[in-house]
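Taking it in order: structure first as structure tokens, then the write-up.
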Amino acid sequence: MKITLEKYHGLGNDYLIFDPNKNELKLTKEAVRLICNRNFGVGSDGLLVGPILGEDKMTVKILNPDGSEAELSGNGVRIFGKYLKDAGYVQKNHFSVNTLSGEQQIHYLNEEGTRIKVSMGHLSFWSDEIPMTGPRREVLNETMMFGSIPYRVTCVSIGNPHCVIWLSDISKELACRIGRHSEVAECFPEKVNTELLRVVDRTNIEIEIYERGAGYTLASGTSGCAAAGAAYKMGLTDPKMYVHMPGGVLEVEIEEDGSVLMTGDVGYVGKFTLSHEMVEQLRSL
């Protein structure tokens, strides 16, 4: 059995493409963990399984490095869009892909497909849609305790749950320290992605990210959109802004109806053919 994987990154957030039309392997959680492991496997922030072809649609399954399934990944959708162009699955400049979160619209902005705009869906700040425990309310500027320390947070869903913490100083160390507690806090029954937010000016924000199921991440499309949405909701920014992350910059625009457009770049790393030894190890898991 021959297994090939294609590797791409969106601003340093790297994913492996597992194309089920070209590979035959049952992907257990243990197999996903091994493939994504940076010491014993190929290494990545997750696995994109697709395209899963239907009569009139294409679907991608987004898997975290711990083997769990994610509803949505902004970088993952852009990366998948680039792969579909590279592999010859699409010839149009505009098409849609289904995710666990719903249908995502993809627009190529250049001939190579390296710059892509994605319609990310709608923001919701309502607790039952994030989801969060407690009475139904918009979760805006609430005080929450993470690691016995109080923080002012705004929580939002853009197909997956996010907790945005507005601070004057942010860092990787602080994101990891807070994220380890916030991810598994009891108020988030499906866990949560955490973004530390620093507002630079009306059109620029900076974030540090701790992703549910992945840990500290250089960049995240949904995190960038969630943080931008929270900043705009709190009146801190204009509706169109640049989101600066350690891995690079995304352009995010919040429309009047709460829908979000995200634009960013995708880079291709290469193709990996797994050894016979690795394939047998994966088949045994």
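A note on labels: chains of the structure tokens are A, B, ... as shown, every chain counts residues from 1, and ligands are counted from 1 in their shown order.
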
(request) Write out as a ChimeraX atom specification each polymer residue whose atoms come within 12 Å of A:Val90, counting only C-alpha atoms; drop sequence neighbours fewer than 5 positions from it. (result) /A:51,57-58,80-85,95-97,106-108,113

Checklist entry - Do you know which residues are at most 9 Å from stretch 150-163 of chain A counting only C-alpha atoms, after dropping those on the same chain fewer than 5 positions away, and could you put them as a PyMOL selection string? => result chain A and resi 70-73+100-102+120-127+129-132+138-145+182-183+188+190-196+222-223+225-227+229-231+234+259-260

| task | Would you mind writing down, as a PyMOL selection string, each residue of stretch 27-215 of chain A that DSSP on the backbone assigns to helix (DSSP H, G or I)? | result | chain A and resi 29-36+74-86+127-129+172-182

Expressed in Å, the length from atom CA of A:Thr217 to atom CA of A:Gly46 is 11.1 Å

A straight line from atom CA of A:Ile207 to atom CA of A:Ser220 spans 9.8 Å

TODO: Would you mind reading off the distance between atom CA of A:Asn93 and atom CA of A:Ile116, one decimal, in Å?
DONE: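 About the pair atom CA of A:Asn93 and atom CA of A:Ile116: they are 9.8 Å apart.
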